[in-house]
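*Asks:* I'm passing along my_file.tsv; it holds TSV, C-alpha atoms and all ligand atoms.
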```tsv
chain	number	residue	atom	x	y	z
A	1282	MET	CA	-7.88	16.99	-9.18
A	1283	THR	CA	-9.27	13.49	-8.72
A	1284	ALA	CA	-10.78	12.76	-5.35
A	1285	ALA	CA	-8.58	10.61	-3.18
A	1286	HIS	CA	-10.83	9.59	-0.36
A	1287	TYR	CA	-13.63	7.15	0.38
A	1288	THR	CA	-16.51	8.32	2.54
A	1289	VAL	CA	-18.43	5.93	4.79
A	1290	LEU	CA	-21.68	6.82	6.58
A	1291	ALA	CA	-21.62	4.82	9.77
A	1292	GLY	CA	-23.44	3.69	12.88
A	1293	GLY	CA	-21.65	1.44	15.36
A	1294	THR	CA	-21.19	-2.32	15.22
A	1295	GLY	CA	-22.06	-3.11	11.57
A	1296	ALA	CA	-20.00	-0.17	10.35
A	1297	ALA	CA	-17.06	-1.00	12.63
A	1298	LYS	CA	-16.97	-4.54	11.19
A	1299	PHE	CA	-16.98	-3.21	7.63
A	1300	LEU	CA	-14.23	-0.66	8.35
A	1301	ARG	CA	-11.98	-3.43	9.67
A	1302	GLY	CA	-12.14	-4.78	6.11
A	1303	LEU	CA	-11.92	-1.45	4.32
A	1304	VAL	CA	-8.63	-0.48	6.02
A	1305	ARG	CA	-7.12	-3.64	4.51
A	1306	VAL	CA	-8.18	-2.61	1.00
A	1307	VAL	CA	-7.48	1.14	0.79
A	1308	PRO	CA	-5.02	3.33	2.72
A	1309	GLU	CA	-6.49	4.18	6.10
A	1310	GLU	CA	-5.73	7.90	5.69
A	1311	ASP	CA	-7.98	7.90	2.59
A	1312	ILE	CA	-11.05	6.93	4.64
A	1313	HIS	CA	-13.49	9.51	5.99
A	1314	VAL	CA	-16.14	8.15	8.33
A	1315	ILE	CA	-19.24	10.26	8.97
A	1316	VAL	CA	-20.64	8.91	12.22
A	1317	ASN	CA	-24.10	8.97	13.77
A	1318	VAL	CA	-24.51	11.02	16.96
A	1319	GLY	CA	-28.24	10.29	17.45
A	1320	ASP	CA	-27.33	7.57	20.01
A	1321	ASP	CA	-25.26	9.97	22.13
A	1322	THR	CA	-26.27	10.09	25.74
A	1323	ASN	CA	-25.38	11.41	29.14
A	1324	VAL	CA	-24.33	8.86	31.77
A	1325	TRP	CA	-23.36	10.11	35.25
A	1326	GLY	CA	-22.70	13.57	33.77
A	1327	LEU	CA	-20.45	12.14	31.05
A	1328	HIS	CA	-20.96	12.63	27.31
A	1329	VAL	CA	-21.04	9.15	25.78
A	1330	SER	CA	-20.95	8.78	21.97
A	1331	PRO	CA	-21.49	5.03	21.48
A	1332	ASP	CA	-21.16	4.96	17.70
A	1333	ILE	CA	-18.07	7.18	17.58
A	1334	ASP	CA	-16.51	4.95	20.23
A	1335	SER	CA	-17.30	1.71	18.36
A	1336	ILE	CA	-15.72	3.17	15.21
A	1337	MET	CA	-12.64	4.43	17.08
A	1338	TYR	CA	-12.13	1.21	19.00
A	1339	GLY	CA	-12.75	-0.83	15.86
A	1340	LEU	CA	-10.21	1.08	13.78
A	1341	ALA	CA	-7.70	0.96	16.65
A	1342	GLY	CA	-8.14	-2.84	16.81
A	1343	ARG	CA	-9.32	-2.57	20.42
A	1344	LEU	CA	-13.07	-3.24	20.05
A	1345	GLU	CA	-14.59	-6.14	21.98
A	1346	THR	CA	-15.89	-7.80	18.84
A	1347	GLN	CA	-18.02	-10.51	20.49
A	1348	ARG	CA	-20.05	-7.90	22.35
A	1349	GLY	CA	-19.79	-5.34	19.55
A	1350	TRP	CA	-19.18	-2.42	21.93
A	1351	GLY	CA	-16.59	-1.23	24.43
A	1352	LEU	CA	-12.94	-2.19	24.80
A	1353	ARG	CA	-11.39	-5.65	24.82
A	1354	ASP	CA	-10.12	-7.02	28.16
A	1355	GLU	CA	-12.39	-4.67	30.06
A	1356	THR	CA	-13.44	-4.68	33.73
A	1357	PHE	CA	-16.54	-3.06	35.25
A	1358	ARG	CA	-15.53	-2.20	38.82
A	1359	CYS	CA	-16.55	1.45	38.67
A	1360	LEU	CA	-19.97	0.37	37.37
A	1361	GLU	CA	-20.36	-1.98	40.37
A	1362	GLU	CA	-19.49	0.82	42.79
A	1363	MET	CA	-21.93	3.19	41.07
A	1364	GLY	CA	-24.63	0.53	41.45
A	1365	ARG	CA	-23.83	0.40	45.18
A	1366	TYR	CA	-24.47	4.14	45.34
A	1367	GLY	CA	-27.85	3.59	43.74
A	1368	MET	CA	-26.78	5.27	40.50
A	1369	PRO	CA	-28.23	3.92	37.23
A	1370	ASP	CA	-26.12	0.98	36.13
A	1371	TRP	CA	-28.06	-0.39	33.15
A	1372	PHE	CA	-25.80	1.39	30.65
A	1373	ARG	CA	-22.56	-0.51	31.01
A	1374	LEU	CA	-19.40	1.58	30.97
A	1375	GLY	CA	-16.12	-0.29	31.38
A	1376	ASP	CA	-13.29	0.99	33.55
A	1377	ARG	CA	-10.90	1.80	30.72
A	1378	ASP	CA	-13.72	2.94	28.45
A	1379	LEU	CA	-14.53	5.52	31.14
A	1380	ALA	CA	-11.33	7.37	30.28
A	1381	THR	CA	-12.76	8.09	26.82
A	1382	HIS	CA	-15.97	9.55	28.23
A	1383	ILE	CA	-14.20	11.56	30.93
A	1384	ALA	CA	-11.71	13.01	28.43
A	1385	ARG	CA	-14.47	13.79	25.92
A	1386	THR	CA	-16.64	15.48	28.53
A	1387	GLU	CA	-13.78	17.55	29.90
A	1388	LEU	CA	-12.62	18.65	26.42
A	1389	LEU	CA	-16.19	19.60	25.46
A	1390	ARG	CA	-16.61	21.48	28.72
A	1391	SER	CA	-13.50	23.51	28.00
A	1392	GLY	CA	-14.97	24.73	24.72
A	1393	ASN	CA	-13.94	22.22	22.04
A	1394	THR	CA	-16.48	20.95	19.54
A	1395	LEU	CA	-17.37	17.26	19.30
A	1396	SER	CA	-15.50	17.15	15.96
A	1397	GLU	CA	-12.34	18.58	17.54
A	1398	VAL	CA	-12.56	16.25	20.51
A	1399	THR	CA	-13.15	13.21	18.30
A	1400	ALA	CA	-10.15	14.10	16.09
A	1401	ARG	CA	-7.96	14.39	19.17
A	1402	LEU	CA	-9.09	11.12	20.75
A	1403	ALA	CA	-8.74	9.27	17.44
A	1404	LYS	CA	-5.25	10.64	16.87
A	1405	SER	CA	-4.20	9.56	20.36
A	1406	MET	CA	-5.32	6.03	19.45
A	1407	GLY	CA	-3.15	6.08	16.33
A	1408	ILE	CA	-6.12	6.19	13.94
A	1409	GLU	CA	-5.32	7.66	10.53
A	1410	ALA	CA	-8.85	7.69	9.10
A	1411	ALA	CA	-10.82	10.92	9.60
A	1412	ILE	CA	-13.67	10.27	12.04
A	1413	LEU	CA	-16.25	13.02	11.50
A	1414	PRO	CA	-19.32	13.31	13.75
A	1415	ALA	CA	-22.29	14.00	11.44
A	1416	THR	CA	-22.86	17.26	13.33
A	1417	ASP	CA	-21.58	19.10	16.38
A	1418	ASP	CA	-25.17	20.00	17.22
A	1419	ALA	CA	-27.35	17.83	19.43
A	1420	VAL	CA	-29.43	15.43	17.32
A	1421	ARG	CA	-31.09	12.78	19.47
A	1422	THR	CA	-33.09	9.78	18.32
A	1423	LYS	CA	-36.39	9.40	20.17
A	1424	ILE	CA	-38.40	6.19	20.07
A	1425	GLU	CA	-42.14	6.67	20.48
A	1426	THR	CA	-43.41	3.49	22.13
A	1427	ILE	CA	-46.67	2.43	23.66
A	1428	GLN	CA	-44.97	3.15	27.02
A	1429	GLY	CA	-44.22	6.73	25.98
A	1430	THR	CA	-41.18	8.40	24.42
A	1431	LEU	CA	-37.80	6.83	25.14
A	1432	ASP	CA	-34.28	8.01	24.37
A	1433	PHE	CA	-32.55	5.58	22.06
A	1434	GLN	CA	-30.37	4.07	24.81
A	1435	GLU	CA	-33.35	3.67	27.13
A	1436	PHE	CA	-35.14	1.74	24.40
A	1437	PHE	CA	-32.14	-0.25	23.19
A	1438	VAL	CA	-30.18	-1.03	26.35
A	1439	ARG	CA	-32.51	-0.55	29.33
A	1440	GLU	CA	-35.65	-2.00	27.69
A	1441	HIS	CA	-33.76	-4.48	25.42
A	1442	TRP	CA	-35.73	-3.04	22.45
A	1443	GLN	CA	-38.86	-4.87	23.59
A	1444	PRO	CA	-41.53	-2.10	23.72
A	1445	GLU	CA	-43.85	-1.82	20.77
A	1446	VAL	CA	-42.71	1.08	18.59
A	1447	ARG	CA	-45.05	3.66	17.06
A	1448	SER	CA	-42.54	5.93	15.36
A	1449	VAL	CA	-39.00	7.29	15.46
A	1450	THR	CA	-38.01	10.96	15.43
A	1451	TYR	CA	-34.72	12.85	15.45
A	1452	ALA	CA	-34.91	15.73	17.94
A	1453	GLY	CA	-32.79	18.69	16.89
A	1454	ALA	CA	-32.24	17.51	13.31
A	1455	GLU	CA	-34.23	20.36	11.73
A	1456	GLU	CA	-31.87	22.98	13.14
A	1457	ALA	CA	-28.68	20.91	13.03
A	1458	ARG	CA	-25.91	21.85	10.64
A	1459	ALA	CA	-23.18	19.64	9.26
A	1460	ARG	CA	-19.65	20.99	9.28
A	1461	ALA	CA	-18.16	22.03	5.94
A	1462	THR	CA	-15.68	19.13	6.13
A	1463	VAL	CA	-18.55	16.63	6.33
A	1464	LEU	CA	-20.26	18.10	3.28
A	1465	SER	CA	-17.09	18.39	1.20
A	1466	SER	CA	-16.21	14.87	2.22
A	1467	ILE	CA	-19.43	13.66	0.57
A	1468	ARG	CA	-19.29	15.95	-2.46
A	1469	GLU	CA	-15.64	15.35	-3.27
A	1470	SER	CA	-15.46	11.67	-2.48
A	1471	ARG	CA	-14.43	9.04	-5.01
A	1472	LEU	CA	-17.05	6.68	-3.57
A	1473	VAL	CA	-19.67	7.13	-0.84
A	1474	ILE	CA	-20.49	3.96	1.09
A	1475	ILE	CA	-23.51	3.59	3.37
A	1476	ALA	CA	-22.27	1.02	5.89
A	1477	PRO	CA	-24.44	-2.01	6.78
A	1478	SER	CA	-25.92	-0.11	9.70
A	1479	ASN	CA	-29.41	0.27	11.07
A	1480	PRO	CA	-31.20	2.46	8.45
A	1481	ILE	CA	-33.52	4.01	11.04
A	1482	THR	CA	-31.38	4.65	14.11
A	1483	SER	CA	-27.83	4.74	12.73
A	1484	ILE	CA	-28.08	6.17	9.20
A	1485	GLY	CA	-31.50	7.87	9.69
A	1486	PRO	CA	-30.21	10.54	12.13
A	1487	ILE	CA	-27.36	11.39	9.72
A	1488	LEU	CA	-29.77	11.74	6.79
A	1489	ALA	CA	-32.16	13.84	8.88
A	1490	ILE	CA	-29.59	16.65	8.70
A	1491	HIS	CA	-30.76	18.45	5.56
A	1492	ASP	CA	-27.33	19.58	4.35
A	1493	ILE	CA	-26.10	16.00	4.41
A	1494	ARG	CA	-29.03	14.58	2.47
A	1495	ASP	CA	-28.63	17.38	-0.09
A	1496	ALA	CA	-24.90	16.68	-0.43
A	1497	LEU	CA	-25.69	13.00	-1.07
A	1498	ARG	CA	-28.17	13.95	-3.78
A	1499	CYS	CA	-25.64	16.28	-5.42
A	1500	THR	CA	-22.40	14.34	-5.17
A	1501	ARG	CA	-20.89	13.06	-8.40
A	1502	ALA	CA	-19.50	10.05	-6.57
A	1503	GLU	CA	-21.30	6.72	-6.76
A	1504	VAL	CA	-23.33	6.15	-3.59
A	1505	VAL	CA	-23.40	2.48	-2.57
A	1506	ALA	CA	-25.26	0.98	0.40
A	1507	ILE	CA	-24.54	-2.42	1.92
A	1508	SER	CA	-27.68	-4.13	3.19
A	1509	PRO	CA	-27.77	-4.77	6.94
A	1510	LEU	CA	-30.50	-7.38	6.28
A	1511	ILE	CA	-30.61	-10.80	4.71
A	1512	GLY	CA	-34.16	-11.63	3.66
A	1513	HIS	CA	-36.50	-10.23	6.29
A	1514	ALA	CA	-34.02	-10.31	9.18
A	1515	ALA	CA	-31.22	-8.14	10.52
A	1516	PHE	CA	-27.91	-9.80	11.46
A	1517	SER	CA	-28.29	-8.23	14.89
A	1518	GLY	CA	-30.27	-5.54	16.69
A	1519	PRO	CA	-33.64	-3.91	16.04
A	1520	ALA	CA	-33.28	-2.81	12.40
A	1521	ALA	CA	-36.15	-5.04	11.23
A	1522	LYS	CA	-38.49	-3.99	14.03
A	1523	LEU	CA	-37.78	-0.29	13.53
A	1524	MET	CA	-38.05	-0.40	9.73
A	1525	GLU	CA	-41.44	-2.03	10.08
A	1526	ALA	CA	-42.56	0.59	12.62
A	1527	CYS	CA	-41.49	3.33	10.21
A	1528	GLY	CA	-43.49	1.84	7.35
A	1529	TYR	CA	-40.68	0.25	5.33
A	1530	GLU	CA	-40.76	-3.25	3.93
A	1531	VAL	CA	-38.34	-5.34	6.00
A	1532	SER	CA	-36.01	-6.50	3.22
A	1533	PRO	CA	-33.08	-5.20	1.18
A	1534	SER	CA	-35.71	-3.55	-1.06
A	1535	GLY	CA	-36.93	-1.64	1.98
A	1536	VAL	CA	-33.35	-0.60	2.72
A	1537	ALA	CA	-32.98	0.68	-0.86
A	1538	ARG	CA	-36.25	2.56	-0.39
A	1539	CYS	CA	-34.84	4.34	2.71
A	1540	TYR	CA	-32.09	5.78	0.48
A	1541	HIS	CA	-34.01	6.01	-2.82
A	1542	ASP	CA	-33.37	9.70	-3.52
A	1543	PHE	CA	-29.57	9.42	-3.67
A	1544	LEU	CA	-28.62	5.75	-3.94
A	1545	ASP	CA	-26.90	4.41	-7.08
A	1546	ASN	CA	-26.28	0.83	-5.98
A	1547	ILE	CA	-27.20	-1.54	-3.18
A	1548	VAL	CA	-25.12	-4.58	-2.25
A	1549	ILE	CA	-27.32	-7.50	-1.22
A	1550	ASP	CA	-26.63	-11.09	-0.23
A	1551	VAL	CA	-26.53	-14.00	-2.67
A	1552	GLN	CA	-29.50	-15.47	-0.79
A	1553	ASP	CA	-31.55	-12.45	-1.85
A	1554	ALA	CA	-30.60	-12.58	-5.52
A	1555	ALA	CA	-34.26	-13.07	-6.45
A	1556	LEU	CA	-35.00	-9.54	-5.21
A	1557	ALA	CA	-32.62	-7.91	-7.66
A	1558	ALA	CA	-35.14	-7.39	-10.47
A	1559	SER	CA	-37.65	-5.58	-8.28
A	1560	ILE	CA	-35.01	-3.27	-6.80
A	1561	ARG	CA	-33.52	-2.50	-10.24
A	1562	TYR	CA	-37.01	-1.55	-11.31
A	1563	GLU	CA	-36.65	1.36	-8.88
A	1564	THR	CA	-33.61	2.52	-10.92
A	1565	ILE	CA	-31.18	1.49	-8.22
A	1566	GLY	CA	-28.41	-0.88	-9.30
A	1567	VAL	CA	-28.10	-4.18	-7.43
A	1568	GLN	CA	-24.81	-5.93	-6.72
A	1569	ILE	CA	-24.83	-9.43	-5.29
A	1570	THR	CA	-22.22	-10.98	-3.02
A	1571	ASP	CA	-21.78	-12.58	0.40
A	1572	ILE	CA	-22.53	-9.78	2.91
A	1573	LEU	CA	-22.04	-11.71	6.15
A	1574	MET	CA	-18.87	-10.44	7.88
A	1575	SER	CA	-18.07	-13.38	10.13
A	1576	ASP	CA	-14.46	-12.22	10.54
A	1577	ASP	CA	-11.97	-9.64	9.24
A	1578	ALA	CA	-11.26	-11.77	6.16
A	1579	ALA	CA	-14.96	-11.75	5.21
A	1580	ALA	CA	-15.15	-7.99	5.87
A	1581	THR	CA	-12.09	-7.50	3.63
A	1582	ARG	CA	-13.70	-9.47	0.79
A	1583	LEU	CA	-16.85	-7.37	1.10
A	1584	ALA	CA	-14.79	-4.15	1.15
A	1585	GLU	CA	-12.88	-5.25	-1.99
A	1586	PHE	CA	-16.18	-5.92	-3.72
A	1587	VAL	CA	-17.60	-2.52	-2.73
A	1588	VAL	CA	-14.49	-0.52	-3.65
A	1589	GLN	CA	-14.46	-1.86	-7.21
A	1590	LEU	CA	-17.98	-0.45	-7.67
A	1591	GLU	CA	-16.31	2.96	-8.03
A	1592	GLN	CA	-15.40	1.94	-11.57
A	1593	LEU	CA	-19.02	1.29	-12.63
A	1601	LIG	P1	-25.26	0.09	16.22
A	1601	LIG	O1	-25.32	1.58	16.38
A	1601	LIG	O2	-24.26	-0.58	17.10
A	1601	LIG	O3	-26.60	-0.58	16.14
A	1601	LIG	O4	-24.55	-0.10	14.82
A	1601	LIG	P2	-24.92	-0.33	13.35
A	1601	LIG	O5	-26.24	0.26	12.99
A	1601	LIG	O6	-23.73	0.04	12.53
A	1601	LIG	O7	-24.94	-1.92	13.34
A	1601	LIG	C1	-26.07	-2.69	13.42
A	1601	LIG	C2	-26.46	-3.23	12.05
A	1601	LIG	O8	-25.36	-3.95	11.50
A	1601	LIG	C3	-27.61	-4.19	12.14
A	1601	LIG	O9	-28.70	-3.69	11.39
A	1601	LIG	C4	-27.06	-5.51	11.58
A	1601	LIG	O10	-28.00	-6.23	10.80
A	1601	LIG	C5	-25.87	-5.06	10.77
A	1601	LIG	N1	-24.83	-6.09	10.71
A	1601	LIG	C6	-24.22	-6.67	11.77
A	1601	LIG	N2	-23.36	-7.63	11.33
A	1601	LIG	C7	-23.42	-7.63	9.97
A	1601	LIG	C8	-22.77	-8.39	8.95
A	1601	LIG	O11	-21.93	-9.27	9.21
A	1601	LIG	N3	-23.09	-8.08	7.65
A	1601	LIG	C9	-24.00	-7.11	7.32
A	1601	LIG	N4	-24.25	-6.90	6.03
A	1601	LIG	N5	-24.63	-6.38	8.27
A	1601	LIG	C10	-24.35	-6.63	9.57
```
Write out the structure in this file as structure tokens.
Ligand code: GDP
*Replies:*
Amino acid sequence: MTAAHYTVLAGGTGAAKFLRGLVRVVPEEDIHVIVNVGDDTNVWGLHVSPDIDSIMYGLAGRLETQRGWGLRDETFRCLEEMGRYGMPDWFRLGDRDLATHIARTELLRSGNTLSEVTARLAKSMGIEAAILPATDDAVRTKIETIQGTLDFQEFFVREHWQPEVRSVTYAGAEEARARATVLSSIRESRLVIIAPSNPITSIGPILAIHDIRDALRCTRAEVVAISPLIGHAAFSGPAAKLMEACGYEVSPSGVARCYHDFLDNIVIDVQDAALAASIRYETIGVQITDILMSDDAAATRLAEFVVQLEQL
């Protein structure tokens, strides 16, 4: 039987943009998205899964795309009231977005796994793609800074990713297990795509789960990564800063290096064409196109380009 589905390893905003294109190129029900949970956090007793939410809202066409997170047409009245009570209000949760976190927390509390809860929430939003949390176990990204160890959201949102970073670790990853559906999704895929997401804090926590990295090494499918960097800079967010702190060259070559043990091809921008020879030298194929996704049309063009790499 030939594999019918495409598997995407995803963080939040960069991946959500790409998926908006991919659903226009292949049937949505043929897309499996393996999503980072290293950013998950607890706010006011609620389980918040920022990357899962960005992917769900993106696929449902409800993501606030300017901001890159949360729902469109959102209000923040609950947040204001919480601030009045002296509760932490640096992590912004919108009023309608709150329903997602309340429902998730309640369903988890009554014994469902994160995978089951995610499937239910996604179905309620009319999403046909399979959204698969990388693991149901708690893997949490920790940023070691000169101010001490911070949870990812403390570093990213509260501190605006300003503190100097010493290293990044993934608490719980050693013991974490991926569900069988995640592993078979990788092994039996027709093409595995590493979304243009932060290699350290979005894709890194997924790869830190041993079963997943092994499945990527073993899959017969082509594994293709889209660079989240042009030249030495990320389109947004702290990818460059964190790659540097983790000892990687800040460039598409550095991105290829993060995935060197399983990557077949990397898609880089036309502006970086000069890098192709040095990356190919590392036995990774290089494909060159425009990787800026300024709108859904640009994301669709990039998705078309990536999907035809299956035939290589
Ligand atoms: P996060 O969890 O919200 O940080 O989500 P991601 O890791 O998926 O998204 C952030 C990454 O997406 C950053 O490293 C950006 O450089 C990358 N990114 C954002 N916009 C674009 C784009 O238009 N094209 C490409 N290739 N990458 C992008």
*Asks:* Would you give me, as JSON lines, each residue of chain A having an atom within 7 Å of an atom of ligand LIG 1601 (chain A), along with its shortest atom pair and that distance in Å to one decimal, using all atoms listed in the file and sorting by chain and residue number?
*Replies:*
```
{"residue": "A:Ala1291", "atom": "CA", "partner": "A:LIG1601", "partner_atom": "O6", "distance": 5.9}
{"residue": "A:Gly1292", "atom": "CA", "partner": "A:LIG1601", "partner_atom": "O6", "distance": 3.7}
{"residue": "A:Gly1293", "atom": "CA", "partner": "A:LIG1601", "partner_atom": "O4", "distance": 3.3}
{"residue": "A:Thr1294", "atom": "CA", "partner": "A:LIG1601", "partner_atom": "O2", "distance": 4.0}
{"residue": "A:Gly1295", "atom": "CA", "partner": "A:LIG1601", "partner_atom": "O8", "distance": 3.4}
{"residue": "A:Ala1296", "atom": "CA", "partner": "A:LIG1601", "partner_atom": "O6", "distance": 4.3}
{"residue": "A:Ala1297", "atom": "CA", "partner": "A:LIG1601", "partner_atom": "O6", "distance": 6.8}
{"residue": "A:Asp1332", "atom": "CA", "partner": "A:LIG1601", "partner_atom": "O1", "distance": 5.5}
{"residue": "A:Gly1349", "atom": "CA", "partner": "A:LIG1601", "partner_atom": "O2", "distance": 7.0}
{"residue": "A:Ala1476", "atom": "CA", "partner": "A:LIG1601", "partner_atom": "O6", "distance": 6.9}
{"residue": "A:Pro1477", "atom": "CA", "partner": "A:LIG1601", "partner_atom": "N5", "distance": 4.6}
{"residue": "A:Ser1478", "atom": "CA", "partner": "A:LIG1601", "partner_atom": "O5", "distance": 3.3}
{"residue": "A:Asn1479", "atom": "CA", "partner": "A:LIG1601", "partner_atom": "O5", "distance": 3.7}
{"residue": "A:Thr1482", "atom": "CA", "partner": "A:LIG1601", "partner_atom": "O5", "distance": 6.9}
{"residue": "A:Ser1483", "atom": "CA", "partner": "A:LIG1601", "partner_atom": "O5", "distance": 4.8}
{"residue": "A:Ile1507", "atom": "CA", "partner": "A:LIG1601", "partner_atom": "N4", "distance": 6.1}
{"residue": "A:Ser1508", "atom": "CA", "partner": "A:LIG1601", "partner_atom": "N4", "distance": 5.2}
{"residue": "A:Pro1509", "atom": "CA", "partner": "A:LIG1601", "partner_atom": "N5", "distance": 3.8}
{"residue": "A:Leu1510", "atom": "CA", "partner": "A:LIG1601", "partner_atom": "O10", "distance": 5.3}
{"residue": "A:Ala1515", "atom": "CA", "partner": "A:LIG1601", "partner_atom": "O10", "distance": 3.8}
{"residue": "A:Phe1516", "atom": "CA", "partner": "A:LIG1601", "partner_atom": "O10", "distance": 3.6}
{"residue": "A:Ser1517", "atom": "CA", "partner": "A:LIG1601", "partner_atom": "C4", "distance": 4.5}
{"residue": "A:Gly1518", "atom": "CA", "partner": "A:LIG1601", "partner_atom": "C3", "distance": 5.4}
{"residue": "A:Pro1519", "atom": "CA", "partner": "A:LIG1601", "partner_atom": "O9", "distance": 6.8}
{"residue": "A:Ala1520", "atom": "CA", "partner": "A:LIG1601", "partner_atom": "O9", "distance": 4.8}
{"residue": "A:Ile1572", "atom": "CA", "partner": "A:LIG1601", "partner_atom": "N4", "distance": 4.6}
{"residue": "A:Leu1573", "atom": "CA", "partner": "A:LIG1601", "partner_atom": "O11", "distance": 3.9}
{"residue": "A:Met1574", "atom": "CA", "partner": "A:LIG1601", "partner_atom": "O11", "distance": 3.5}
{"residue": "A:Ser1575", "atom": "CA", "partner": "A:LIG1601", "partner_atom": "O11", "distance": 5.7}
```
*Asks:* Pick out the residues sitting within 12 Å of Ala1419 in chain A, and hand them over as a count of residues only; count all atoms listed in the file, and ignore anything fewer than 6 positions along from it in its own chain.
*Replies:* 23
*Asks:* Quick one: of A:Leu1379, A:Pro1331, A:Leu1413, A:Arg1471, who's nearest to Phe1433 in chain A, counting all atoms listed in the file?
*Replies:*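 So, comparing all the options, the nearest one is A:Pro1331.
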*Asks:* Could you tell me how far CA of Val1473 in chain A sits from CA of His1286 in chain A, in Å to one decimal place?
*Replies:*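 Between CA of His1286 in chain A and CA of Val1473 in chain A the gap is 9.2 Å.
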*Asks:* For Ile1412 in chain A, list every protein, DNA or RNA residue within 10 Å, evaluated using only C-alpha atoms, and leave out those in the same chain fewer than 4 positions away; present the list as a list in words.
*Replies:*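 With the cut-off at 10 Å, the set is Val1289, Ala1291, Ile1312, His1313, Val1314, Ile1315, Val1316, Ile1333, Ile1336, Met1337, Leu1340, Ser1396, Thr1399, Ala1400, Leu1402, Ala1403, Lys1404, Ile1408 and Val1463 of chain A.
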*Asks:* Counting only C-alpha atoms, which residue out of A:Leu1290, A:Leu1344, A:Leu1388, A:Leu1303 sits closest to Arg1582 in chain A?
*Replies:*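 Using only C-alpha atoms, Arg1582 in chain A sits closest to A:Leu1303.
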*Asks:* Using all atoms listed in the file, can you list as a PyMOL selection string the residues within 9 Å of (-15.4, 15.6, 27.3)?
*Replies:* chain A and resi 1327-1329+1381-1391+1393+1395+1398
*Asks:* As an exercise, work out the distance from CA of Thr1288 in chain A to CA of Ile1467 in chain A in Å and give it to one decimal place.
*Replies:* 6.4 Å
*Asks:* A:Val1505, A:Glu1525, A:Glu1591, A:His1513: which is nearest Ala1537 in chain A, counting all atoms listed in the file?
*Replies:* A:Val1505
*Asks:* In Å, rounded to a single decimal, give me how far CA of Ala1555 in chain A is from CA of Val1588 in chain A.
*Replies:*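 These two atoms are separated by 23.6 Å.
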*Asks:* Given the choices A:Leu1583, A:Arg1301, A:Glu1355, A:Asp1550, which gets closest to Ile1569 in chain A if the distance is worked out from all atoms listed in the file?
*Replies:*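 Smallest separation from Ile1569 in chain A among the options: A:Asp1550.
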*Asks:* Which residue, A:Leu1590, A:Ile1511, A:Gly1566, A:Asp1311, has the smallest gap to Glu1409 in chain A when you use only C-alpha atoms?
*Replies:*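 Closest residue, counting only C-alpha atoms: A:Asp1311.
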*Asks:* Near Ile1424 in chain A, within 8 Å and counting all atoms listed in the file, which residues show up once chain neighbours fewer than 5 positions away are dropped, as number ranges by chain?
*Replies:* A: 1430-1433, 1436, 1446-1450
*Asks:* Now that the selection is made, can you save its residues with C-alpha atoms as an mmCIF file, keeping the file's coordinate frame?
*Replies:*
```cif
data_model
loop_
_atom_site.group_PDB
_atom_site.id
_atom_site.type_symbol
_atom_site.label_atom_id
_atom_site.label_comp_id
_atom_site.auth_asym_id
_atom_site.auth_seq_id
_atom_site.Cartn_x
_atom_site.Cartn_y
_atom_site.Cartn_z
ATOM 1 C CA THR A 1430 -41.180 8.400 24.420
ATOM 2 C CA LEU A 1431 -37.800 6.830 25.140
ATOM 3 C CA ASP A 1432 -34.280 8.010 24.370
ATOM 4 C CA PHE A 1433 -32.550 5.580 22.060
ATOM 5 C CA PHE A 1436 -35.140 1.740 24.400
ATOM 6 C CA VAL A 1446 -42.710 1.080 18.590
ATOM 7 C CA ARG A 1447 -45.050 3.660 17.060
ATOM 8 C CA SER A 1448 -42.540 5.930 15.360
ATOM 9 C CA VAL A 1449 -39.000 7.290 15.460
ATOM 10 C CA THR A 1450 -38.010 10.960 15.430
#
```
*Asks:* Calculated over all atoms listed in the file, which of the candidates A:Leu1544, A:Ile1427, A:Ser1534, A:Asp1576 has the smallest distance to Ala1558 in chain A?
*Replies:*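 Between A:Leu1544, A:Ile1427, A:Ser1534, A:Asp1576, the residue approaching Ala1558 in chain A most closely is A:Ser1534.
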*Asks:* Where's the centre, and what are the edge lengths in Å to one decimal, of a box along x, y and z enclosing all listed atoms of range 1382-1394 of chain A padded 8 Å per side, as lines of an AutoDock Vina configuration file?
*Replies:*
```
center_x = -14.2
center_y = 17.1
center_z = 25.2
size_x = 20.9
size_y = 31.2
size_z = 27.4
```
